[in-house]
Amino acid sequence: MRLTLITLDAHRAPAFAAVRQRLTLSHPTLAIELCVAAEWRDPEALERARAAVAASDLVVVTQLFVDDQIQAILPVLKARSERKATTIAVMSSPEVMRCTRMGSFSMGGEGGPKSPWSPAMILKRLSGRKEGARLNGEDQLRQLKRIPQLLRFIPGTAQDVRAYYLTLQYWLSGSTENLEGMIRFLLQRYGGASSGSAARAAPAPKEYPETGVYHPDLPGRVAESAAALPGIGTQPRIGLLVTRSYVLAENTAHYDAVIRALEARALTPVPAFTAGLDGRPAIAAFFTDAHGGATVEAVVALTGFSLVGGPA
């Protein structure tokens, strides 16, 4: 059994490496590979990714929306879809998403954009919004959590659609536990008998705060209240905007270095995150008071990622 995960950059690589080690130790016939699209400027890396996609039993594609990267891998993804090989594309460009094929659910065919099973149509029906209206980010996340619950007992294609949304939930809260849960869940549903023990006991997606604070000394590393941060007192506070996905993947050495450097200067860091790229909910919750006044002396944005300053 071979599973390949394609994603934009390597910021979840530490969590992925831990998951791969754990699963392959318990199930030696399972091969799990991470392909990073940002590395495809190297022709050898691109060819390895194409070969992995062509040969894998399961392929998960996330955050693929840079045109050069899409065109480099799209023919192989389309070939998988045409032969009905399990391919799950989330948070990517429409042409990549249309390659999704999960059992009886196909986002490019009977599950296309106008299908009642398409993500856009499901969200529209659940929200009751009018044609052309858009859900904000918080409403979308709330609906995404509801959909698997609503589809749980509907037979047929609905179960593959439910699996799609559960995969998205695992990925959006991509901790080590959730990445392992995602792989176990997909093996359990689509891996067949050969997936063996790696497919058993897939836990439900673990939930984390959408907006919260981070500190390496916090139990569990995250909290929903600034009062939980160590050292909160009378020392001047410095707000730090950090990226939730890096925190959950435990790829935080750069954040931790800034936190320790501020603490060494008798300052109190307040590292805060929110889901997505809009930092305003974190600013409102942790850097201002009820009247909009500042509760920190300065704000440092540490939210640079692979599309800042140029694609990947």
# chains A, B, ... in the order shown; residues from 1 in each chain; ligands from 1
$ residues_around --residues "Arg265 (chain A)" --least-positions-apart "4" --cutoff "12 Å" --atoms "only C-alpha atoms" --output "number ranges by chain"
A: 235-238, 258-261, 269
$ residues_around --residues "Gln149 (chain A)" --least-positions-apart "2" --cutoff "12 Å" --atoms "only C-alpha atoms" --output "number ranges by chain"
A: 142-147, 151-154, 158-159, 161-163, 165-166, 204
$ write_last_selection --atoms "N, CA and C atoms" --output "mmCIF file, in the first residue's frame"
data_model
loop_
_atom_site.group_PDB
_atom_site.id
_atom_site.type_symbol
_atom_site.label_atom_id
_atom_site.label_comp_id
_atom_site.auth_asym_id
_atom_site.auth_seq_id
_atom_site.Cartn_x
_atom_site.Cartn_y
_atom_site.Cartn_z
ATOM 1 N N ARG A 142 -17.629 26.581 10.460
ATOM 2 C CA ARG A 142 -18.721 26.008 11.251
ATOM 3 C C ARG A 142 -19.528 25.012 10.412
ATOM 4 N N GLN A 143 -19.813 25.372 9.156
ATOM 5 C CA GLN A 143 -20.561 24.476 8.290
ATOM 6 C C GLN A 143 -19.756 23.221 7.958
ATOM 7 N N LEU A 144 -18.441 23.376 7.747
ATOM 8 C CA LEU A 144 -17.612 22.220 7.424
ATOM 9 C C LEU A 144 -17.641 21.178 8.537
ATOM 10 N N LYS A 145 -17.756 21.620 9.770
ATOM 11 C CA LYS A 145 -17.828 20.688 10.888
ATOM 12 C C LYS A 145 -19.201 20.009 10.971
ATOM 13 N N ARG A 146 -20.234 20.703 10.482
ATOM 14 C CA ARG A 146 -21.580 20.148 10.552
ATOM 15 C C ARG A 146 -21.817 19.076 9.501
ATOM 16 N N ILE A 147 -21.214 19.254 8.334
ATOM 17 C CA ILE A 147 -21.549 18.393 7.198
ATOM 18 C C ILE A 147 -21.327 16.905 7.500
ATOM 19 N N LEU A 151 -24.266 13.942 7.313
ATOM 20 C CA LEU A 151 -24.197 12.896 6.303
ATOM 21 C C LEU A 151 -23.947 11.508 6.886
ATOM 22 N N ARG A 152 -23.757 11.426 8.182
ATOM 23 C CA ARG A 152 -23.277 10.188 8.793
ATOM 24 C C ARG A 152 -24.145 8.978 8.479
ATOM 25 N N PHE A 153 -25.442 9.164 8.453
ATOM 26 C CA PHE A 153 -26.340 8.005 8.316
ATOM 27 C C PHE A 153 -27.003 7.936 6.944
ATOM 28 N N ILE A 154 -26.512 8.709 5.978
ATOM 29 C CA ILE A 154 -27.069 8.657 4.622
ATOM 30 C C ILE A 154 -26.208 7.717 3.796
ATOM 31 N N ALA A 158 -23.151 9.744 -0.344
ATOM 32 C CA ALA A 158 -23.018 10.636 0.807
ATOM 33 C C ALA A 158 -21.863 10.229 1.712
ATOM 34 N N GLN A 159 -21.558 8.942 1.802
ATOM 35 C CA GLN A 159 -20.486 8.493 2.670
ATOM 36 C C GLN A 159 -19.114 8.867 2.107
ATOM 37 N N VAL A 161 -18.722 11.583 0.210
ATOM 38 C CA VAL A 161 -18.698 13.038 0.429
ATOM 39 C C VAL A 161 -18.323 13.336 1.874
ATOM 40 N N ARG A 162 -18.886 12.550 2.790
ATOM 41 C CA ARG A 162 -18.533 12.716 4.205
ATOM 42 C C ARG A 162 -17.037 12.494 4.420
ATOM 43 N N ALA A 163 -16.488 11.476 3.757
ATOM 44 C CA ALA A 163 -15.054 11.206 3.880
ATOM 45 C C ALA A 163 -14.228 12.379 3.367
ATOM 46 N N TYR A 165 -15.054 15.587 3.495
ATOM 47 C CA TYR A 165 -15.075 16.666 4.486
ATOM 48 C C TYR A 165 -14.287 16.306 5.745
ATOM 49 N N LEU A 166 -14.302 15.042 6.123
ATOM 50 C CA LEU A 166 -13.476 14.635 7.259
ATOM 51 C C LEU A 166 -11.991 14.797 6.929
ATOM 52 N N ALA A 204 -11.482 10.354 15.462
ATOM 53 C CA ALA A 204 -12.137 11.511 14.858
ATOM 54 C C ALA A 204 -11.166 12.685 14.835
#
$ closest_residue --among "A:Tyr190, A:Tyr170, A:Phe105, A:Phe16" --to "Leu58 (chain A)" --atoms "only C-alpha atoms"
A:Tyr190
$ residues_around --residues "Glu207 (chain A)" --least-positions-apart "2" --cutoff "8 Å" --atoms "only C-alpha atoms" --output "number ranges by chain"
A: 173, 205, 209
$ select_by_dssp --residues "region 63-303 of chain A" --states "alpha helix (DSSP H)" --output "count of residues only"
99
$ closest_atom_pairs --of "region 231-251 of chain A" --to "region 18-30 of chain A" --cutoff "12 Å" --atoms "only C-alpha atoms" --output "Markdown table"
| residue | atom | partner | partner_atom | distance |
| --- | --- | --- | --- | --- |
| A:Ala249 | CA | A:Ala18 | CA | 10.2 |
| A:Glu250 | CA | A:Ala18 | CA | 10.7 |
| A:Asn251 | CA | A:Ala18 | CA | 12.0 |
$ atom_distance --atom1 "CA of Ile70 (chain A)" --atom2 "CA of Tyr246 (chain A)"
23.8 Å
$ residues_around --residues "Gly293 (chain A)" --least-positions-apart "6" --cutoff "12 Å" --atoms "only C-alpha atoms" --output "list of chain:residue names"
A:Ile283, A:Ala284, A:Ala285, A:Phe286, A:Phe287
$ residues_around --residues "Pro230 (chain A)" --least-positions-apart "3" --cutoff "12 Å" --atoms "only C-alpha atoms" --output "list in words"
Val213, Tyr214, His215, Pro216, Asp217, Leu218, Pro219, Arg221, Val222, Ala223, Ser225, Ala226, Ala227, Gly233, Gln235, Ile259, Arg260, Glu263, Leu267, Thr268, Pro269, Val270 and Pro271 of chain A
$ atom_distance --atom1 "CA of Ala294 (chain A)" --atom2 "CA of Ala272 (chain A)"
14.6 Å
$ select_by_dssp --residues "region 172-272 of chain A" --states "strand (DSSP E or B)" --output "PyMOL selection string"
chain A and resi 211-214+222-223+237-241+268-272
$ write_last_selection --atoms "all heavy atoms" --output "tab-separated table (two decimals), in the first residue's frame"
chain	number	residue	atom	x	y	z
A	211	THR	N	-8.99	30.50	17.24
A	211	THR	CA	-8.23	31.68	17.65
A	211	THR	C	-7.71	31.41	19.06
A	211	THR	O	-8.48	31.01	19.93
A	211	THR	CB	-9.10	32.95	17.64
A	211	THR	OG1	-9.60	33.16	16.32
A	211	THR	CG2	-8.30	34.17	18.07
A	212	GLY	N	-6.42	31.61	19.27
A	212	GLY	CA	-5.87	31.32	20.58
A	212	GLY	C	-4.46	31.84	20.72
A	212	GLY	O	-3.98	32.64	19.91
A	213	VAL	N	-3.79	31.40	21.79
A	213	VAL	CA	-2.42	31.80	22.06
A	213	VAL	C	-1.54	30.56	22.09
A	213	VAL	O	-2.00	29.45	22.36
A	213	VAL	CB	-2.29	32.59	23.39
A	213	VAL	CG1	-2.98	33.94	23.27
A	213	VAL	CG2	-2.86	31.79	24.56
A	214	TYR	N	-0.25	30.79	21.82
A	214	TYR	CA	0.73	29.72	21.79
A	214	TYR	C	1.91	30.07	22.68
A	214	TYR	O	2.31	31.23	22.78
A	214	TYR	CB	1.24	29.50	20.36
A	214	TYR	CG	2.56	28.74	20.32
A	214	TYR	CD1	2.59	27.37	20.53
A	214	TYR	CD2	3.77	29.42	20.15
A	214	TYR	CE1	3.79	26.68	20.54
A	214	TYR	CE2	4.97	28.73	20.15
A	214	TYR	CZ	4.99	27.37	20.35
A	214	TYR	OH	6.17	26.69	20.38
A	222	VAL	N	-1.12	25.24	23.29
A	222	VAL	CA	-2.06	26.29	22.90
A	222	VAL	C	-3.11	26.46	24.00
A	222	VAL	O	-3.37	25.57	24.80
A	222	VAL	CB	-2.76	25.97	21.56
A	222	VAL	CG1	-1.75	25.88	20.43
A	222	VAL	CG2	-3.59	24.71	21.64
A	223	ALA	N	-3.69	27.67	24.03
A	223	ALA	CA	-4.76	27.97	24.98
A	223	ALA	C	-5.67	29.02	24.35
A	223	ALA	O	-5.31	29.66	23.36
A	223	ALA	CB	-4.19	28.47	26.30
A	237	ARG	N	4.12	44.11	27.31
A	237	ARG	CA	3.70	42.99	26.46
A	237	ARG	C	3.98	43.30	24.99
A	237	ARG	O	3.75	44.43	24.53
A	237	ARG	CB	2.21	42.70	26.64
A	237	ARG	CG	1.83	42.29	28.05
A	237	ARG	CD	0.35	41.92	28.11
A	237	ARG	NE	-0.06	41.61	29.48
A	237	ARG	CZ	-1.26	41.17	29.83
A	237	ARG	NH1	-2.18	40.99	28.88
A	237	ARG	NH2	-1.55	40.91	31.08
A	238	ILE	N	4.43	42.30	24.27
A	238	ILE	CA	4.65	42.40	22.83
A	238	ILE	C	3.76	41.37	22.14
A	238	ILE	O	3.89	40.16	22.39
A	238	ILE	CB	6.13	42.15	22.45
A	238	ILE	CG1	7.06	43.07	23.25
A	238	ILE	CG2	6.32	42.32	20.95
A	238	ILE	CD1	6.86	44.54	22.97
A	239	GLY	N	2.86	41.82	21.29
A	239	GLY	CA	2.00	40.90	20.56
A	239	GLY	C	2.75	40.27	19.39
A	239	GLY	O	3.43	40.96	18.63
A	240	LEU	N	2.65	38.96	19.29
A	240	LEU	CA	3.25	38.23	18.17
A	240	LEU	C	2.13	37.53	17.41
A	240	LEU	O	1.38	36.75	17.98
A	240	LEU	CB	4.25	37.18	18.67
A	240	LEU	CG	5.42	37.65	19.53
A	240	LEU	CD1	6.27	36.45	19.94
A	240	LEU	CD2	6.26	38.66	18.78
A	241	LEU	N	2.02	37.82	16.12
A	241	LEU	CA	1.08	37.08	15.28
A	241	LEU	C	1.81	35.87	14.70
A	241	LEU	O	2.82	36.02	14.03
A	241	LEU	CB	0.57	37.97	14.14
A	241	LEU	CG	-0.52	38.98	14.50
A	241	LEU	CD1	-0.83	39.85	13.29
A	241	LEU	CD2	-1.78	38.28	15.00
A	268	THR	N	7.14	40.53	27.87
A	268	THR	CA	6.22	39.41	27.89
A	268	THR	C	5.63	39.22	26.49
A	268	THR	O	4.82	40.04	26.04
A	268	THR	CB	5.07	39.64	28.88
A	268	THR	OG1	5.62	39.79	30.20
A	268	THR	CG2	4.09	38.48	28.86
A	269	PRO	N	6.01	38.17	25.79
A	269	PRO	CA	5.42	37.92	24.47
A	269	PRO	C	4.00	37.38	24.60
A	269	PRO	O	3.70	36.60	25.51
A	269	PRO	CB	6.35	36.89	23.85
A	269	PRO	CG	6.97	36.19	25.02
A	269	PRO	CD	7.06	37.20	26.14
A	270	VAL	N	3.13	37.83	23.72
A	270	VAL	CA	1.77	37.30	23.63
A	270	VAL	C	1.60	36.75	22.22
A	270	VAL	O	1.10	37.42	21.33
A	270	VAL	CB	0.72	38.39	23.93
A	270	VAL	CG1	-0.70	37.80	23.92
A	270	VAL	CG2	1.00	39.06	25.27
A	271	PRO	N	2.03	35.49	21.99
A	271	PRO	CA	1.93	34.91	20.64
A	271	PRO	C	0.50	34.44	20.38
A	271	PRO	O	-0.02	33.59	21.10
A	271	PRO	CB	2.89	33.72	20.69
A	271	PRO	CG	3.66	33.87	22.00
A	271	PRO	CD	2.74	34.61	22.91
A	272	ALA	N	-0.15	35.00	19.37
A	272	ALA	CA	-1.56	34.71	19.10
A	272	ALA	C	-1.74	34.26	17.66
A	272	ALA	O	-1.01	34.69	16.77
A	272	ALA	CB	-2.41	35.95	19.38
$ closest_residue --among "A:Asp256, A:Asp9, A:Asp67, A:Glu210" --to "Phe273 (chain A)" --atoms "only C-alpha atoms"
A:Glu210
$ residues_around --residues "Ser81 (chain A)" --least-positions-apart "6" --cutoff "10 Å" --atoms "only C-alpha atoms" --output "count of residues only"
12
$ residues_around --residues "Met1 (chain A)" --least-positions-apart "6" --cutoff "9 Å" --atoms "only C-alpha atoms" --output "PyMOL selection string"
chain A and resi 29-32+56-58+187+191-192+194-195
